[in-house]
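First comes the structure, then the notes that go with it.
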2 protein chains.
Amino acid sequence: MATFRLPTHNLRVRRILEQSARLIYQHGFESTSMQQIADACGLTKAGIYHYIKTKEELVVAIMHYGMDLFEEEIYQKVVDIQDPVERLRMAMMRNIKLTLSRKEVAVILNEPQTLPRAAQRELNARRRQYVTLLETTFREAIERGQIRSIDPTVATFSFLGIILWTPNWYRADGRLSMEQLAAEAFDLFFRGLAPS
Amino acid sequence: MATFRLPTHNLRVRRILEQSARLIYQHGFESTSMQQIADACGLTKAGIYHYIKTKEELVVAIMHYGMDLFEEEIYQKVVDIQDPVERLRMAMMRNIKLTLSRKEVAVILNEPQTLPRAAQRELNARRRQYVTLLETTFREAIERGQIRSIDPTVATFSFLGIILWTPNWYRADGRLSMEQLAAEAFDLFFRGLAPS
């Protein structure tokens with residue numbers, strides 16, 4: 001049975017989810033009320049209840065929205081790239097960019113949430129698709145001799161760890177642009193620390 | 001002004017913090033009551049209030065406890081290692097091991113929390129000490145010619161990203177032991193993917 005999802009092609013729905021994510025990110029789930037969310041969206045409380053019934057539903061909806069963005073902006077854009085290393089490079093670039101530019105949604109999507117089982121299962125299945133793509137890509141690159149024979153699972157989650165940790169430290173007004181960060185992280189991951 | 005901290009050398013206090021961390025990790029902050037925490041610790045509600053007044057205080061106390069463990073098991077054990085690359089290797093080993101063996105405490109410590117400002121400041125200062133050690137170590141290794149000239153900040157947070165992401169995917173009953181994971185992750189980070 002499918003869990004609650006909102007039609008995220010609807011712009012008003014996207015706006016509600018983004019405003020809610022921002023509030024939850026800033027003030028915490030517990031301290032954010034449906035009234036505050038309604039206010040931030042310029043809706044009445046009745047207006048917001050038209051879309052969403054509980055805060056739990058809202059978190060699931062934000063997470064599915066994060067997955068929608070993720071599939072649109074990353075998965076679909078890289079899945080057809082022929083060269084596996086180039087596929088990894090583009091995935092890292094796009095993933096860092098999306099994670100930092102939609103920080104509030106990304107953080108809620110990626111931090112451990114206590115969700116109803118069905119929702120957890122659905123979201124895990126959507127996540128799994130990307131993990132499988134990455135693992136397969138590492139394997140392909142090994143087979144072609146483009147990279148050395150590392151453990152594709154450890155490589156995949158190290159790759160994701162580097163990317164998904166960026167919201168915890170990167171500052172948009174700091175020394176590095178997002179593009180520089182992505183290029184530096186890819187270089188680090190690809191060539192490692194060893195002296196050349 | 002120092003924020004609320006419990007005496008974590010007291011074994012009963014450690015037990016309360018570990019039980020609470022487990023409950024919060026499993027059921028979420030919002031769904032965990034002080035009554036459940038008291039029950040899990042074999043205390044009455046009055047008994048638990050002797051140590052702790054609110055759930056917010058409890059989260060701060062768990063985070064400081066996480067930092068205590070962290071300083072005991074990692075920082076103090078590696079800070080005096082002379083060789084910078086060996087210092088990084090030991091830090092990664094110990095950090096992965098602590099993060100996975102005290103998963104509940106580590107996750108609460110490392111996920112974004114909405115805390116009172118003073119508590120946030122104190123915890124950030126404690127975190128900063130480790131980040132500075134890592135950055136300095138990368139710089140030292142570059143100066144000695146042990147590693148190539150990478151960005152020490154990106155290297156530090158990529159290093160931490162790889163480590164702190166492990167609770168999201170590693171399974172203790174899986175194919176890799178913690179030691180194997182740590183060795184593989186260090187090799188990946190140090191030598192990168194590039195074919196040798």
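Going through the structure tokens in order, the chains are called A, B, and so on, while each chain numbers its residues from 1 and the ligands are numbered from 1 in the order shown.
Within the 6 Å cut-off around segment 25-35 of chain A, using only C-alpha atoms and omitting residues fewer than 6 positions from it on the same chain, the listed residues are Lys45 and Glu104 of chain A; Thr114 of chain B.
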Set the distance at 12 Å and use only C-alpha atoms: which residues neighbour Ala91 of chain B once local chain neighbours fewer than 6 positions away are removed? I'd like the list as a PyMOL selection string. chain B and resi 70-71+73-81+84-85+97-99+130-131+133-134+137+156+159-160+163+182-183+186
Any chance you could export the current selection's N, CA, C and O atoms as a compact mmCIF listing (two decimals), in the first residue's frame?
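As a result, selection.txt now contains:
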```
# COMPACT_ATOMS: atom_id res chain seq x y z
N PHE B 70 34.43 10.60 22.77
CA PHE B 70 35.21 10.95 21.63
C PHE B 70 36.62 11.41 22.02
O PHE B 70 37.62 11.00 21.43
N GLU B 71 36.67 12.27 23.02
CA GLU B 71 37.98 12.78 23.45
C GLU B 71 38.81 11.69 24.11
O GLU B 71 40.01 11.59 23.89
N GLU B 73 38.53 8.34 23.60
CA GLU B 73 38.85 7.20 22.74
C GLU B 73 39.57 7.58 21.45
O GLU B 73 40.17 6.73 20.80
N ILE B 74 39.47 8.84 21.04
CA ILE B 74 40.11 9.22 19.78
C ILE B 74 41.14 10.32 20.00
O ILE B 74 42.34 10.08 19.94
N TYR B 75 40.65 11.51 20.31
CA TYR B 75 41.55 12.66 20.37
C TYR B 75 42.79 12.39 21.21
O TYR B 75 43.91 12.53 20.75
N GLN B 76 42.57 11.99 22.48
CA GLN B 76 43.72 11.80 23.37
C GLN B 76 44.62 10.66 22.93
O GLN B 76 45.81 10.63 23.24
N LYS B 77 44.05 9.69 22.20
CA LYS B 77 44.84 8.54 21.77
C LYS B 77 45.69 8.84 20.53
O LYS B 77 46.64 8.11 20.25
N VAL B 78 45.32 9.85 19.76
CA VAL B 78 46.07 10.09 18.51
C VAL B 78 46.90 11.37 18.52
O VAL B 78 47.83 11.50 17.73
N VAL B 79 46.55 12.29 19.41
CA VAL B 79 47.16 13.63 19.34
C VAL B 79 48.69 13.59 19.44
O VAL B 79 49.37 14.42 18.84
N ASP B 80 49.24 12.61 20.13
CA ASP B 80 50.69 12.57 20.31
C ASP B 80 51.43 11.68 19.30
O ASP B 80 52.64 11.51 19.40
N ILE B 81 50.70 11.11 18.35
CA ILE B 81 51.37 10.29 17.34
C ILE B 81 52.21 11.21 16.44
O ILE B 81 51.69 12.19 15.90
N PRO B 84 52.33 12.15 10.80
CA PRO B 84 50.98 12.66 10.49
C PRO B 84 50.08 11.65 9.77
O PRO B 84 48.88 11.57 10.07
N VAL B 85 50.64 10.88 8.84
CA VAL B 85 49.79 9.92 8.13
C VAL B 85 49.33 8.82 9.08
O VAL B 85 48.17 8.38 9.03
N LYS B 97 35.38 2.94 14.53
CA LYS B 97 35.02 1.97 15.57
C LYS B 97 34.09 2.59 16.62
O LYS B 97 33.06 2.01 16.97
N LEU B 98 34.42 3.77 17.09
CA LEU B 98 33.58 4.42 18.10
C LEU B 98 32.20 4.77 17.53
O LEU B 98 31.18 4.55 18.17
N THR B 99 32.19 5.29 16.31
CA THR B 99 30.93 5.69 15.68
C THR B 99 29.99 4.50 15.52
O THR B 99 28.78 4.61 15.71
N TYR B 130 38.88 18.89 17.33
CA TYR B 130 39.21 17.72 16.50
C TYR B 130 39.41 18.13 15.04
O TYR B 130 40.35 17.70 14.39
N VAL B 131 38.52 18.99 14.56
CA VAL B 131 38.63 19.47 13.17
C VAL B 131 39.98 20.15 12.97
O VAL B 131 40.68 19.91 11.98
N LEU B 133 42.73 19.65 14.69
CA LEU B 133 43.78 18.62 14.70
C LEU B 133 43.90 17.97 13.32
O LEU B 133 45.01 17.81 12.80
N LEU B 134 42.76 17.63 12.72
CA LEU B 134 42.80 16.98 11.41
C LEU B 134 43.39 17.91 10.34
O LEU B 134 44.28 17.52 9.59
N THR B 137 47.02 18.24 10.76
CA THR B 137 47.70 17.00 10.39
C THR B 137 47.84 16.88 8.87
O THR B 137 48.89 16.49 8.37
N THR B 156 39.67 17.29 5.29
CA THR B 156 39.20 17.02 6.65
C THR B 156 37.72 16.63 6.66
O THR B 156 37.34 15.64 7.28
N PHE B 159 37.05 13.28 4.93
CA PHE B 159 37.49 12.26 5.90
C PHE B 159 36.37 12.02 6.93
O PHE B 159 35.95 10.89 7.16
N LEU B 160 35.86 13.11 7.49
CA LEU B 160 34.78 12.98 8.48
C LEU B 160 33.49 12.47 7.85
O LEU B 160 32.75 11.69 8.46
N ILE B 163 33.60 8.74 7.49
CA ILE B 163 33.47 8.08 8.80
C ILE B 163 32.05 8.20 9.35
O ILE B 163 31.43 7.22 9.77
N ALA B 182 37.34 -0.15 8.14
CA ALA B 182 38.24 0.96 8.42
C ALA B 182 39.48 0.90 7.53
O ALA B 182 39.92 1.91 6.97
N ALA B 183 40.03 -0.31 7.34
CA ALA B 183 41.22 -0.45 6.50
C ALA B 183 40.90 -0.09 5.05
O ALA B 183 41.66 0.61 4.38
N PHE B 186 40.35 3.70 4.70
CA PHE B 186 41.60 4.46 4.75
C PHE B 186 42.37 4.30 3.44
O PHE B 186 42.87 5.27 2.88
```
Write out as a list of chain:residue names each polymer residue whose atoms come within 10 Å of Ala155 of chain B, counting only C-alpha atoms; drop sequence neighbours fewer than 2 positions from it. A:Ile162, A:Glu184, A:Ala185, A:Leu188, A:Phe189, A:Gly192, A:Leu193, B:Leu134, B:Glu135, B:Phe138, B:Ile150, B:Asp151, B:Pro152, B:Thr153, B:Phe157, B:Ser158, B:Phe159, B:Leu160, B:Gly161, B:Phe189
Can you work out which one of A:Asn168, A:Ser101, A:Gln146, A:Gln82 has the shortest atom-to-atom distance to Phe190 of chain A, counting only C-alpha atoms?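 Smallest distance to Phe190 of chain A is found for A:Gln146.
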Residue nearest Arg144 of chain A among B:Gln120, B:Pro195, B:Leu58, B:Gly174 (counting only C-alpha atoms): B:Pro195
Point out the residue among B:Asp83, B:Glu18, B:Asp173, B:Glu57 with the least atom-to-atom distance to Ala106 of chain B, counting only C-alpha atoms.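 Closest to Ala106 of chain B of all the choices is B:Glu18.
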Ranking A:Arg171, A:Lys53, A:Arg126, A:Arg148 by minimum distance to chain B and counting only C-alpha atoms, which one comes first?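 When distances to chain B are compared using only C-alpha atoms, the smallest one comes from A:Arg148.
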